[in-house]
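Everything on this sheet refers to the single structure shown next.
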There are 2 protein chains.
Amino acid sequence: MIKKKKDIRREFIIGEAAKLFKQKGYGGTSMRDLAEQVGLDAASMYHYIKSKDEILQGICFDIANTYVSQLTEIENATQSYSQKLKALVRLHIHLMTTKGPEVSVANNEWKSLSADALTEFKSLRSQYEKRLAALIEAGAEAGEFQQVNTSVALFTLLSAIRWVELWWKPDRGIATEELENSILTILFQGLERK
Amino acid sequence: MIKKKKDIRREFIIGEAAKLFKQKGYGGTSMRDLAEQVGLDAASMYHYIKSKDEILQGICFDIANTYVSQLTEIENATQSYSQKLKALVRLHIHLMTTKGPEVSVANNEWKSLSADALTEFKSLRSQYEKRLAALIEAGAEAGEFQQVNTSVALFTLLSAIRWVELWWKPDRGIATEELENSILTILFQGLERK
DNA sequence: TAAAAATTCAAACGAACATTTGATTTATTT
DNA sequence: AAATAAATCAAATGTTCGTTTGAATTTTTA
């Protein structure tokens, strides 16, 4: 028996929690709301999870770890910096279209983490940003990028794709491939026609 | 007497509320937190404001109206579409550096508006986006922009600058002028060097 | 300076919250 | 079928929330 029924239930609860947290925020979602969503009494959920905060931690750190391991892979690949950066942006977009609610929560609700978790989460994010900034810096020195402030470039890239998590739906009539290509065109070639 | 002392106090309370809402979220900020911040007992604040929700409404609609009137001005100006779009992006950035907390709240906490206000706010935002999309569409038809999906271009532009509201501080060592120029370079010329 | 108005807060309200307890029901194992 | 374990929930705990009340204090007005 690889996965226990209890674990499956637990993961289901966390998944439903991600949807609700995205929809109404962490503070705006009560354990009773969540219980109703999963079809249990609030008290019963505590058979599967330890606390509301533990759920949020699960979501946030799962996403954070995914981002970090993806970045590591890209760092170790042999490509131009431009290709690396584009690949990373693609991965960000892809994660949003496949794990929308979780990414949304990790991006917007991490402030509600308990003190300890909050510290660690911020540290993880800060490390991630530093490594990404190094990639941009190296690319700029290699002459592949425009000469703009590294922080500005870093945050503009990361921020530019954040809307996808709110907007994209499978039935929106735009394939993820086209979505990625359009965004990459704007960010790397510019919106203005030359 | 143009402005009553009571109004000034009221505006001070709302301003402090914006800072706290940005910092801890609307749901995460209690009226007792806010009272402490402004140096009053929670009960005393109700002499100046009607409810917590009214504060949030004040902040959100003030910002929304600012955006709308700025867009109207730009629509009526005689410039190329590219210049219009750039001017609008500059105004967005500028508003974030001058009214950071309020913009942050209008962008992130509007979900907590009461049902009626929520409906109106969403409607305002939707109208704004439609008018902005029309600008992009027209510019694309005039051959000024790359041929990318209009919605993608719209949201990518609006989203790309959202980080400024979280990151920018007067003491960050980057002038708003340089900030605006760097962002405009990336968005309109592209990060990649040609 | 006396009357009126504006401002403050101590105390309390009912509602909603996350979580615990302890008992009961259901499923699994022997 | 008996014994054991897993799953469920009714009820209650203590806390925090937004807001109201009513009385006290301070400021302004006459």
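Identifiers for the structure tokens are assigned positionally: chains receive A, B, ... in sequence, residues are indexed from 1 per chain, and ligands are indexed from 1 in the order shown.
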
Identify all chain B residues at most 8 Å from chain A by counting only C-alpha atoms; ligands do not count. Present them as a PDB file with all heavy atoms, in the first residue's frame.
ATOM      1  N   LYS B  24      -1.004  43.974   6.607  1.00  0.00           N
ATOM      2  CA  LYS B  24      -1.540  42.744   7.210  1.00  0.00           C
ATOM      3  C   LYS B  24      -2.820  42.253   6.551  1.00  0.00           C
ATOM      4  O   LYS B  24      -3.414  41.274   7.019  1.00  0.00           O
ATOM      5  CB  LYS B  24      -1.814  42.976   8.703  1.00  0.00           C
ATOM      6  CG  LYS B  24      -0.744  43.821   9.409  1.00  0.00           C
ATOM      7  CD  LYS B  24      -0.744  43.639  10.891  1.00  0.00           C
ATOM      8  CE  LYS B  24      -1.911  44.277  11.599  1.00  0.00           C
ATOM      9  NZ  LYS B  24      -1.940  43.950  13.035  1.00  0.00           N
ATOM     10  N   GLY B  27      -8.615  41.576   6.307  1.00  0.00           N
ATOM     11  CA  GLY B  27      -9.100  40.630   7.316  1.00  0.00           C
ATOM     12  C   GLY B  27      -8.144  40.513   8.489  1.00  0.00           C
ATOM     13  O   GLY B  27      -8.567  40.250   9.611  1.00  0.00           O
ATOM     14  N   GLY B  28      -6.883  40.733   8.247  1.00  0.00           N
ATOM     15  CA  GLY B  28      -5.880  40.590   9.288  1.00  0.00           C
ATOM     16  C   GLY B  28      -5.702  41.825  10.149  1.00  0.00           C
ATOM     17  O   GLY B  28      -4.938  41.814  11.110  1.00  0.00           O
ATOM     18  N   SER B  82       1.251  54.591 -29.139  1.00  0.00           N
ATOM     19  CA  SER B  82       2.419  54.179 -28.373  1.00  0.00           C
ATOM     20  C   SER B  82       2.724  55.184 -27.263  1.00  0.00           C
ATOM     21  O   SER B  82       2.980  54.807 -26.116  1.00  0.00           O
ATOM     22  CB  SER B  82       3.611  54.054 -29.326  1.00  0.00           C
ATOM     23  OG  SER B  82       4.750  53.640 -28.614  1.00  0.00           O
ATOM     24  N   LYS B 111     -11.326  42.380  -2.812  1.00  0.00           N
ATOM     25  CA  LYS B 111     -12.191  41.202  -2.651  1.00  0.00           C
ATOM     26  C   LYS B 111     -12.998  41.259  -1.367  1.00  0.00           C
ATOM     27  O   LYS B 111     -14.040  40.620  -1.258  1.00  0.00           O
ATOM     28  CB  LYS B 111     -11.336  39.932  -2.612  1.00  0.00           C
ATOM     29  CG  LYS B 111     -10.927  39.401  -3.961  1.00  0.00           C
ATOM     30  CD  LYS B 111     -10.250  38.049  -3.785  1.00  0.00           C
ATOM     31  CE  LYS B 111      -9.365  37.701  -4.960  1.00  0.00           C
ATOM     32  NZ  LYS B 111      -8.561  36.491  -4.700  1.00  0.00           N
ATOM     33  N   GLY B 143      -0.466  49.706 -36.655  1.00  0.00           N
ATOM     34  CA  GLY B 143       0.854  49.161 -36.944  1.00  0.00           C
ATOM     35  C   GLY B 143       1.927  49.560 -35.954  1.00  0.00           C
ATOM     36  O   GLY B 143       3.110  49.365 -36.192  1.00  0.00           O
ATOM     37  N   GLU B 144       1.515  50.126 -34.811  1.00  0.00           N
ATOM     38  CA  GLU B 144       2.516  50.571 -33.837  1.00  0.00           C
ATOM     39  C   GLU B 144       2.985  49.456 -32.917  1.00  0.00           C
ATOM     40  O   GLU B 144       4.055  49.546 -32.322  1.00  0.00           O
ATOM     41  CB  GLU B 144       1.945  51.723 -33.001  1.00  0.00           C
ATOM     42  CG  GLU B 144       1.627  52.977 -33.821  1.00  0.00           C
ATOM     43  CD  GLU B 144       1.103  54.116 -32.940  1.00  0.00           C
ATOM     44  OE1 GLU B 144       1.437  54.146 -31.746  1.00  0.00           O
ATOM     45  OE2 GLU B 144       0.347  54.965 -33.452  1.00  0.00           O
ATOM     46  N   PHE B 145       2.139  48.421 -32.774  1.00  0.00           N
ATOM     47  CA  PHE B 145       2.471  47.348 -31.826  1.00  0.00           C
ATOM     48  C   PHE B 145       2.639  46.000 -32.525  1.00  0.00           C
ATOM     49  O   PHE B 145       2.133  45.790 -33.626  1.00  0.00           O
ATOM     50  CB  PHE B 145       1.379  47.229 -30.752  1.00  0.00           C
ATOM     51  CG  PHE B 145       1.163  48.485 -29.972  1.00  0.00           C
ATOM     52  CD1 PHE B 145      -0.126  48.917 -29.667  1.00  0.00           C
ATOM     53  CD2 PHE B 145       2.235  49.248 -29.524  1.00  0.00           C
ATOM     54  CE1 PHE B 145      -0.339  50.079 -28.934  1.00  0.00           C
ATOM     55  CE2 PHE B 145       2.038  50.416 -28.793  1.00  0.00           C
ATOM     56  CZ  PHE B 145       0.738  50.833 -28.495  1.00  0.00           C
ATOM     57  N   GLN B 146       3.304  45.120 -31.825  1.00  0.00           N
ATOM     58  CA  GLN B 146       3.448  43.749 -32.296  1.00  0.00           C
ATOM     59  C   GLN B 146       2.069  43.095 -32.361  1.00  0.00           C
ATOM     60  O   GLN B 146       1.138  43.521 -31.685  1.00  0.00           O
ATOM     61  CB  GLN B 146       4.297  42.951 -31.295  1.00  0.00           C
ATOM     62  CG  GLN B 146       5.687  43.504 -31.107  1.00  0.00           C
ATOM     63  CD  GLN B 146       6.734  42.539 -31.609  1.00  0.00           C
ATOM     64  OE1 GLN B 146       6.460  41.705 -32.473  1.00  0.00           O
ATOM     65  NE2 GLN B 146       7.932  42.653 -31.069  1.00  0.00           N
ATOM     66  N   VAL B 148       0.162  40.701 -31.043  1.00  0.00           N
ATOM     67  CA  VAL B 148      -0.089  39.733 -29.980  1.00  0.00           C
ATOM     68  C   VAL B 148      -1.526  39.887 -29.511  1.00  0.00           C
ATOM     69  O   VAL B 148      -2.156  40.927 -29.712  1.00  0.00           O
ATOM     70  CB  VAL B 148       0.860  39.928 -28.780  1.00  0.00           C
ATOM     71  CG1 VAL B 148       2.279  39.523 -29.126  1.00  0.00           C
ATOM     72  CG2 VAL B 148       0.813  41.353 -28.279  1.00  0.00           C
ATOM     73  N   ASN B 149      -2.024  38.847 -28.894  1.00  0.00           N
ATOM     74  CA  ASN B 149      -3.372  38.861 -28.320  1.00  0.00           C
ATOM     75  C   ASN B 149      -3.566  40.097 -27.443  1.00  0.00           C
ATOM     76  O   ASN B 149      -2.746  40.386 -26.571  1.00  0.00           O
ATOM     77  CB  ASN B 149      -3.546  37.573 -27.511  1.00  0.00           C
ATOM     78  CG  ASN B 149      -4.919  37.443 -26.906  1.00  0.00           C
ATOM     79  OD1 ASN B 149      -5.259  38.209 -26.007  1.00  0.00           O
ATOM     80  ND2 ASN B 149      -5.696  36.504 -27.398  1.00  0.00           N
ATOM     81  N   VAL B 152      -3.754  39.565 -23.646  1.00  0.00           N
ATOM     82  CA  VAL B 152      -2.436  39.213 -23.106  1.00  0.00           C
ATOM     83  C   VAL B 152      -1.584  40.467 -22.952  1.00  0.00           C
ATOM     84  O   VAL B 152      -0.933  40.673 -21.919  1.00  0.00           O
ATOM     85  CB  VAL B 152      -1.733  38.185 -24.011  1.00  0.00           C
ATOM     86  CG1 VAL B 152      -0.299  37.960 -23.556  1.00  0.00           C
ATOM     87  CG2 VAL B 152      -2.497  36.867 -24.004  1.00  0.00           C
ATOM     88  N   ALA B 153      -1.593  41.316 -23.968  1.00  0.00           N
ATOM     89  CA  ALA B 153      -0.815  42.556 -23.896  1.00  0.00           C
ATOM     90  C   ALA B 153      -1.317  43.434 -22.754  1.00  0.00           C
ATOM     91  O   ALA B 153      -0.529  43.946 -21.943  1.00  0.00           O
ATOM     92  CB  ALA B 153      -0.908  43.303 -25.220  1.00  0.00           C
ATOM     93  N   PHE B 155      -3.056  42.705 -19.954  1.00  0.00           N
ATOM     94  CA  PHE B 155      -2.783  42.227 -18.599  1.00  0.00           C
ATOM     95  C   PHE B 155      -1.288  42.153 -18.306  1.00  0.00           C
ATOM     96  O   PHE B 155      -0.862  42.375 -17.172  1.00  0.00           O
ATOM     97  CB  PHE B 155      -3.447  40.877 -18.369  1.00  0.00           C
ATOM     98  CG  PHE B 155      -4.954  40.959 -18.354  1.00  0.00           C
ATOM     99  CD1 PHE B 155      -5.722  40.188 -19.210  1.00  0.00           C
ATOM    100  CD2 PHE B 155      -5.606  41.813 -17.482  1.00  0.00           C
ATOM    101  CE1 PHE B 155      -7.116  40.270 -19.194  1.00  0.00           C
ATOM    102  CE2 PHE B 155      -6.988  41.910 -17.453  1.00  0.00           C
ATOM    103  CZ  PHE B 155      -7.747  41.135 -18.319  1.00  0.00           C
ATOM    104  N   THR B 156      -0.500  41.861 -19.322  1.00  0.00           N
ATOM    105  CA  THR B 156       0.941  41.803 -19.101  1.00  0.00           C
ATOM    106  C   THR B 156       1.469  43.185 -18.724  1.00  0.00           C
ATOM    107  O   THR B 156       2.264  43.320 -17.788  1.00  0.00           O
ATOM    108  CB  THR B 156       1.669  41.263 -20.346  1.00  0.00           C
ATOM    109  OG1 THR B 156       1.186  39.951 -20.625  1.00  0.00           O
ATOM    110  CG2 THR B 156       3.176  41.202 -20.120  1.00  0.00           C
ATOM    111  N   LEU B 157       0.995  44.206 -19.410  1.00  0.00           N
ATOM    112  CA  LEU B 157       1.423  45.571 -19.077  1.00  0.00           C
ATOM    113  C   LEU B 157       1.006  45.946 -17.660  1.00  0.00           C
ATOM    114  O   LEU B 157       1.819  46.387 -16.849  1.00  0.00           O
ATOM    115  CB  LEU B 157       0.808  46.575 -20.064  1.00  0.00           C
ATOM    116  CG  LEU B 157       1.384  46.633 -21.468  1.00  0.00           C
ATOM    117  CD1 LEU B 157       0.787  47.808 -22.237  1.00  0.00           C
ATOM    118  CD2 LEU B 157       2.900  46.770 -21.432  1.00  0.00           C
ATOM    119  N   LEU B 158      -0.279  45.761 -17.377  1.00  0.00           N
ATOM    120  CA  LEU B 158      -0.789  46.151 -16.059  1.00  0.00           C
ATOM    121  C   LEU B 158      -0.101  45.361 -14.946  1.00  0.00           C
ATOM    122  O   LEU B 158       0.202  45.896 -13.882  1.00  0.00           O
ATOM    123  CB  LEU B 158      -2.304  45.919 -15.987  1.00  0.00           C
ATOM    124  CG  LEU B 158      -3.183  46.855 -16.812  1.00  0.00           C
ATOM    125  CD1 LEU B 158      -4.651  46.562 -16.577  1.00  0.00           C
ATOM    126  CD2 LEU B 158      -2.885  48.314 -16.456  1.00  0.00           C
ATOM    127  N   SER B 159       0.130  44.106 -15.209  1.00  0.00           N
ATOM    128  CA  SER B 159       0.706  43.229 -14.194  1.00  0.00           C
ATOM    129  C   SER B 159       2.193  43.491 -13.982  1.00  0.00           C
ATOM    130  O   SER B 159       2.693  43.427 -12.861  1.00  0.00           O
ATOM    131  CB  SER B 159       0.473  41.776 -14.611  1.00  0.00           C
ATOM    132  OG  SER B 159       0.733  40.893 -13.557  1.00  0.00           O
ATOM    133  N   ALA B 160       2.864  43.809 -15.079  1.00  0.00           N
ATOM    134  CA  ALA B 160       4.319  43.952 -15.034  1.00  0.00           C
ATOM    135  C   ALA B 160       4.798  45.003 -14.047  1.00  0.00           C
ATOM    136  O   ALA B 160       5.908  44.918 -13.531  1.00  0.00           O
ATOM    137  CB  ALA B 160       4.850  44.289 -16.430  1.00  0.00           C
ATOM    138  N   ILE B 161       3.939  45.991 -13.785  1.00  0.00           N
ATOM    139  CA  ILE B 161       4.367  47.090 -12.916  1.00  0.00           C
ATOM    140  C   ILE B 161       3.863  46.963 -11.488  1.00  0.00           C
ATOM    141  O   ILE B 161       4.188  47.770 -10.628  1.00  0.00           O
ATOM    142  CB  ILE B 161       3.890  48.432 -13.501  1.00  0.00           C
ATOM    143  CG1 ILE B 161       2.376  48.410 -13.675  1.00  0.00           C
ATOM    144  CG2 ILE B 161       4.561  48.690 -14.837  1.00  0.00           C
ATOM    145  CD1 ILE B 161       1.830  49.632 -14.380  1.00  0.00           C
ATOM    146  N   ARG B 162       3.109  45.898 -11.231  1.00  0.00           N
ATOM    147  CA  ARG B 162       2.495  45.747  -9.913  1.00  0.00           C
ATOM    148  C   ARG B 162       3.505  45.611  -8.775  1.00  0.00           C
ATOM    149  O   ARG B 162       3.214  45.955  -7.631  1.00  0.00           O
ATOM    150  CB  ARG B 162       1.557  44.538  -9.910  1.00  0.00           C
ATOM    151  CG  ARG B 162       0.261  44.738 -10.686  1.00  0.00           C
ATOM    152  CD  ARG B 162      -0.778  45.384  -9.784  1.00  0.00           C
ATOM    153  NE  ARG B 162      -1.004  44.613  -8.587  1.00  0.00           N
ATOM    154  CZ  ARG B 162      -1.906  43.641  -8.464  1.00  0.00           C
ATOM    155  NH1 ARG B 162      -2.666  43.347  -9.477  1.00  0.00           N
ATOM    156  NH2 ARG B 162      -2.039  42.992  -7.337  1.00  0.00           N
ATOM    157  N   TRP B 163       4.685  45.083  -9.100  1.00  0.00           N
ATOM    158  CA  TRP B 163       5.687  44.883  -8.054  1.00  0.00           C
ATOM    159  C   TRP B 163       6.168  46.201  -7.462  1.00  0.00           C
ATOM    160  O   TRP B 163       6.657  46.232  -6.327  1.00  0.00           O
ATOM    161  CB  TRP B 163       6.885  44.105  -8.604  1.00  0.00           C
ATOM    162  CG  TRP B 163       7.595  44.827  -9.709  1.00  0.00           C
ATOM    163  CD1 TRP B 163       7.287  44.814 -11.026  1.00  0.00           C
ATOM    164  CD2 TRP B 163       8.727  45.687  -9.588  1.00  0.00           C
ATOM    165  NE1 TRP B 163       8.141  45.600 -11.740  1.00  0.00           N
ATOM    166  CE2 TRP B 163       9.047  46.147 -10.870  1.00  0.00           C
ATOM    167  CE3 TRP B 163       9.503  46.107  -8.505  1.00  0.00           C
ATOM    168  CZ2 TRP B 163      10.090  47.020 -11.126  1.00  0.00           C
ATOM    169  CZ3 TRP B 163      10.560  46.971  -8.749  1.00  0.00           C
ATOM    170  CH2 TRP B 163      10.846  47.429 -10.045  1.00  0.00           C
ATOM    171  N   LEU B 179      13.299  54.490 -12.689  1.00  0.00           N
ATOM    172  CA  LEU B 179      12.409  53.334 -12.545  1.00  0.00           C
ATOM    173  C   LEU B 179      11.463  53.243 -13.731  1.00  0.00           C
ATOM    174  O   LEU B 179      11.342  52.195 -14.385  1.00  0.00           O
ATOM    175  CB  LEU B 179      11.615  53.481 -11.241  1.00  0.00           C
ATOM    176  CG  LEU B 179      10.632  52.377 -10.890  1.00  0.00           C
ATOM    177  CD1 LEU B 179      11.369  51.087 -10.580  1.00  0.00           C
ATOM    178  CD2 LEU B 179       9.767  52.787  -9.698  1.00  0.00           C
ATOM    179  N   SER B 182      13.337  52.375 -17.037  1.00  0.00           N
ATOM    180  CA  SER B 182      13.773  50.978 -17.135  1.00  0.00           C
ATOM    181  C   SER B 182      12.598  50.064 -17.460  1.00  0.00           C
ATOM    182  O   SER B 182      12.691  49.172 -18.310  1.00  0.00           O
ATOM    183  CB  SER B 182      14.406  50.539 -15.814  1.00  0.00           C
ATOM    184  OG  SER B 182      15.647  51.163 -15.615  1.00  0.00           O
ATOM    185  N   ILE B 183      11.491  50.285 -16.781  1.00  0.00           N
ATOM    186  CA  ILE B 183      10.321  49.435 -17.010  1.00  0.00           C
ATOM    187  C   ILE B 183       9.796  49.626 -18.434  1.00  0.00           C
ATOM    188  O   ILE B 183       9.495  48.655 -19.144  1.00  0.00           O
ATOM    189  CB  ILE B 183       9.218  49.736 -15.977  1.00  0.00           C
ATOM    190  CG1 ILE B 183       9.680  49.315 -14.583  1.00  0.00           C
ATOM    191  CG2 ILE B 183       7.927  49.023 -16.349  1.00  0.00           C
ATOM    192  CD1 ILE B 183       8.708  49.640 -13.477  1.00  0.00           C
ATOM    193  N   THR B 185      11.425  50.542 -21.002  1.00  0.00           N
ATOM    194  CA  THR B 185      12.360  49.920 -21.948  1.00  0.00           C
ATOM    195  C   THR B 185      12.054  48.443 -22.104  1.00  0.00           C
ATOM    196  O   THR B 185      11.923  47.936 -23.219  1.00  0.00           O
ATOM    197  CB  THR B 185      13.816  50.098 -21.454  1.00  0.00           C
ATOM    198  OG1 THR B 185      14.121  51.487 -21.413  1.00  0.00           O
ATOM    199  CG2 THR B 185      14.794  49.388 -22.393  1.00  0.00           C
ATOM    200  N   ILE B 186      11.936  47.746 -20.985  1.00  0.00           N
ATOM    201  CA  ILE B 186      11.667  46.315 -21.052  1.00  0.00           C
ATOM    202  C   ILE B 186      10.347  46.049 -21.773  1.00  0.00           C
ATOM    203  O   ILE B 186      10.273  45.235 -22.694  1.00  0.00           O
ATOM    204  CB  ILE B 186      11.628  45.692 -19.640  1.00  0.00           C
ATOM    205  CG1 ILE B 186      13.007  45.826 -18.978  1.00  0.00           C
ATOM    206  CG2 ILE B 186      11.206  44.220 -19.708  1.00  0.00           C
ATOM    207  CD1 ILE B 186      13.037  45.348 -17.542  1.00  0.00           C
ATOM    208  N   LEU B 187       9.306  46.749 -21.369  1.00  0.00           N
ATOM    209  CA  LEU B 187       7.978  46.439 -21.900  1.00  0.00           C
ATOM    210  C   LEU B 187       7.826  46.822 -23.373  1.00  0.00           C
ATOM    211  O   LEU B 187       7.143  46.141 -24.129  1.00  0.00           O
ATOM    212  CB  LEU B 187       6.895  47.130 -21.073  1.00  0.00           C
ATOM    213  CG  LEU B 187       6.737  46.617 -19.646  1.00  0.00           C
ATOM    214  CD1 LEU B 187       5.660  47.404 -18.919  1.00  0.00           C
ATOM    215  CD2 LEU B 187       6.414  45.131 -19.642  1.00  0.00           C
ATOM    216  N   PHE B 188       8.463  47.900 -23.778  1.00  0.00           N
ATOM    217  CA  PHE B 188       8.230  48.369 -25.148  1.00  0.00           C
ATOM    218  C   PHE B 188       9.369  48.007 -26.117  1.00  0.00           C
ATOM    219  O   PHE B 188       9.122  47.812 -27.300  1.00  0.00           O
ATOM    220  CB  PHE B 188       7.941  49.875 -25.150  1.00  0.00           C
ATOM    221  CG  PHE B 188       6.579  50.213 -24.619  1.00  0.00           C
ATOM    222  CD1 PHE B 188       6.358  50.363 -23.253  1.00  0.00           C
ATOM    223  CD2 PHE B 188       5.496  50.339 -25.479  1.00  0.00           C
ATOM    224  CE1 PHE B 188       5.091  50.655 -22.759  1.00  0.00           C
ATOM    225  CE2 PHE B 188       4.220  50.632 -24.998  1.00  0.00           C
ATOM    226  CZ  PHE B 188       4.021  50.775 -23.637  1.00  0.00           C
ATOM    227  N   GLN B 189      10.605  47.921 -25.618  1.00  0.00           N
ATOM    228  CA  GLN B 189      11.713  47.503 -26.505  1.00  0.00           C
ATOM    229  C   GLN B 189      12.055  46.030 -26.310  1.00  0.00           C
ATOM    230  O   GLN B 189      12.661  45.409 -27.202  1.00  0.00           O
ATOM    231  CB  GLN B 189      12.982  48.322 -26.236  1.00  0.00           C
ATOM    232  CG  GLN B 189      12.768  49.801 -25.966  1.00  0.00           C
ATOM    233  CD  GLN B 189      12.277  50.552 -27.178  1.00  0.00           C
ATOM    234  OE1 GLN B 189      12.485  50.106 -28.295  1.00  0.00           O
ATOM    235  NE2 GLN B 189      11.614  51.680 -26.962  1.00  0.00           N
ATOM    236  N   GLY B 190      11.734  45.507 -25.141  1.00  0.00           N
ATOM    237  CA  GLY B 190      12.076  44.121 -24.841  1.00  0.00           C
ATOM    238  C   GLY B 190      13.377  44.001 -24.080  1.00  0.00           C
ATOM    239  O   GLY B 190      14.266  44.846 -24.216  1.00  0.00           O
ATOM    240  N   LEU B 191      13.486  42.957 -23.289  1.00  0.00           N
ATOM    241  CA  LEU B 191      14.689  42.777 -22.478  1.00  0.00           C
ATOM    242  C   LEU B 191      15.878  42.332 -23.330  1.00  0.00           C
ATOM    243  O   LEU B 191      17.030  42.690 -23.084  1.00  0.00           O
ATOM    244  CB  LEU B 191      14.434  41.740 -21.374  1.00  0.00           C
ATOM    245  CG  LEU B 191      15.613  41.422 -20.456  1.00  0.00           C
ATOM    246  CD1 LEU B 191      16.048  42.665 -19.686  1.00  0.00           C
ATOM    247  CD2 LEU B 191      15.261  40.307 -19.476  1.00  0.00           C
ATOM    248  N   GLU B 192      15.576  41.579 -24.361  1.00  0.00           N
ATOM    249  CA  GLU B 192      16.635  41.023 -25.193  1.00  0.00           C
ATOM    250  C   GLU B 192      17.270  42.109 -26.064  1.00  0.00           C
ATOM    251  O   GLU B 192      16.563  42.945 -26.626  1.00  0.00           O
ATOM    252  CB  GLU B 192      16.053  39.913 -26.077  1.00  0.00           C
ATOM    253  CG  GLU B 192      16.984  38.742 -26.289  1.00  0.00           C
ATOM    254  CD  GLU B 192      16.191  37.543 -26.795  1.00  0.00           C
ATOM    255  OE1 GLU B 192      15.128  37.750 -27.419  1.00  0.00           O
ATOM    256  OE2 GLU B 192      16.632  36.416 -26.599  1.00  0.00           O
ATOM    257  N   ARG B 193      18.581  42.023 -26.168  1.00  0.00           N
ATOM    258  CA  ARG B 193      19.294  43.000 -26.988  1.00  0.00           C
ATOM    259  C   ARG B 193      19.307  42.511 -28.441  1.00  0.00           C
ATOM    260  O   ARG B 193      19.511  41.334 -28.695  1.00  0.00           O
ATOM    261  CB  ARG B 193      20.725  43.104 -26.464  1.00  0.00           C
ATOM    262  CG  ARG B 193      21.407  44.380 -26.854  1.00  0.00           C
ATOM    263  CD  ARG B 193      22.667  44.513 -26.027  1.00  0.00           C
ATOM    264  NE  ARG B 193      23.638  45.342 -26.700  1.00  0.00           N
ATOM    265  CZ  ARG B 193      24.905  45.421 -26.314  1.00  0.00           C
ATOM    266  NH1 ARG B 193      25.330  44.713 -25.291  1.00  0.00           N
ATOM    267  NH2 ARG B 193      25.746  46.204 -26.955  1.00  0.00           N
TER     268      ARG B 193
END

Please report as JSON lines every residue of chain A lying within 10 Å of chain C, along with the nearest atom pair and their distance in Å (one decimal), using only C-alpha atoms (C1' of nucleotides).
{"residue": "A:Ser30", "atom": "CA", "partner": "C:DC17", "partner_atom": "C1'", "distance": 7.4}
{"residue": "A:Met31", "atom": "CA", "partner": "C:DA18", "partner_atom": "C1'", "distance": 7.3}
{"residue": "A:Arg32", "atom": "CA", "partner": "C:DC17", "partner_atom": "C1'", "distance": 9.4}
{"residue": "A:Ala42", "atom": "CA", "partner": "C:DT19", "partner_atom": "C1'", "distance": 9.6}
{"residue": "A:Ala43", "atom": "CA", "partner": "C:DT19", "partner_atom": "C1'", "distance": 8.2}
{"residue": "A:Tyr46", "atom": "CA", "partner": "C:DT19", "partner_atom": "C1'", "distance": 8.7}
{"residue": "A:Lys50", "atom": "CA", "partner": "C:DT19", "partner_atom": "C1'", "distance": 9.7}
{"residue": "A:Ser51", "atom": "CA", "partner": "C:DA18", "partner_atom": "C1'", "distance": 8.1}
{"residue": "A:Lys52", "atom": "CA", "partner": "C:DA18", "partner_atom": "C1'", "distance": 7.8}

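Near chain D, counting only C-alpha atoms (C1' of nucleotides) at 12 Å, the chain A residues are Lys5, Lys6, Arg9, Ala35, Gly39, Leu40, Asp41, Ala42, Ala43, Ser44, Met45, Tyr46, His47 and Tyr48 of chain A.
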
Restricted to N, CA and C atoms, what would the selected residues look like written as an mmCIF file, in the first residue's frame?
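Saved file again08.cif follows:
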data_model
loop_
_atom_site.group_PDB
_atom_site.id
_atom_site.type_symbol
_atom_site.label_atom_id
_atom_site.label_comp_id
_atom_site.auth_asym_id
_atom_site.auth_seq_id
_atom_site.Cartn_x
_atom_site.Cartn_y
_atom_site.Cartn_z
ATOM 1 N N LYS A 5 -5.355 5.737 2.458
ATOM 2 C CA LYS A 5 -6.605 6.466 2.212
ATOM 3 C C LYS A 5 -6.627 7.787 2.971
ATOM 4 N N LYS A 6 -6.058 7.745 4.149
ATOM 5 C CA LYS A 6 -6.030 8.962 4.971
ATOM 6 C C LYS A 6 -5.233 10.071 4.288
ATOM 7 N N ARG A 9 -7.280 11.570 1.418
ATOM 8 C CA ARG A 9 -8.264 12.490 1.978
ATOM 9 C C ARG A 9 -7.605 13.820 2.365
ATOM 10 N N ALA A 35 -14.824 22.797 5.692
ATOM 11 C CA ALA A 35 -15.490 21.537 6.044
ATOM 12 C C ALA A 35 -16.675 21.282 5.120
ATOM 13 N N GLY A 39 -17.286 18.239 2.579
ATOM 14 C CA GLY A 39 -18.348 17.336 3.000
ATOM 15 C C GLY A 39 -18.112 16.660 4.332
ATOM 16 N N LEU A 40 -17.536 17.430 5.251
ATOM 17 C CA LEU A 40 -17.296 16.897 6.594
ATOM 18 C C LEU A 40 -17.718 17.934 7.619
ATOM 19 N N ASP A 41 -17.843 17.516 8.835
ATOM 20 C CA ASP A 41 -18.006 18.466 9.920
ATOM 21 C C ASP A 41 -16.621 19.047 10.228
ATOM 22 N N ALA A 42 -16.614 20.298 10.670
ATOM 23 C CA ALA A 42 -15.324 20.955 10.917
ATOM 24 C C ALA A 42 -14.438 20.104 11.832
ATOM 25 N N ALA A 43 -15.025 19.592 12.869
ATOM 26 C CA ALA A 43 -14.241 18.806 13.829
ATOM 27 C C ALA A 43 -13.605 17.591 13.161
ATOM 28 N N SER A 44 -14.318 17.004 12.220
ATOM 29 C CA SER A 44 -13.822 15.783 11.580
ATOM 30 C C SER A 44 -12.536 16.031 10.786
ATOM 31 N N MET A 45 -12.400 17.235 10.272
ATOM 32 C CA MET A 45 -11.208 17.517 9.460
ATOM 33 C C MET A 45 -9.931 17.402 10.266
ATOM 34 N N TYR A 46 -10.064 17.631 11.557
ATOM 35 C CA TYR A 46 -8.864 17.584 12.384
ATOM 36 C C TYR A 46 -8.335 16.166 12.544
ATOM 37 N N HIS A 47 -9.053 15.209 11.970
ATOM 38 C CA HIS A 47 -8.532 13.863 11.921
ATOM 39 C C HIS A 47 -7.490 13.732 10.811
ATOM 40 N N TYR A 48 -7.510 14.675 9.889
ATOM 41 C CA TYR A 48 -6.616 14.603 8.729
ATOM 42 C C TYR A 48 -5.544 15.689 8.727
#
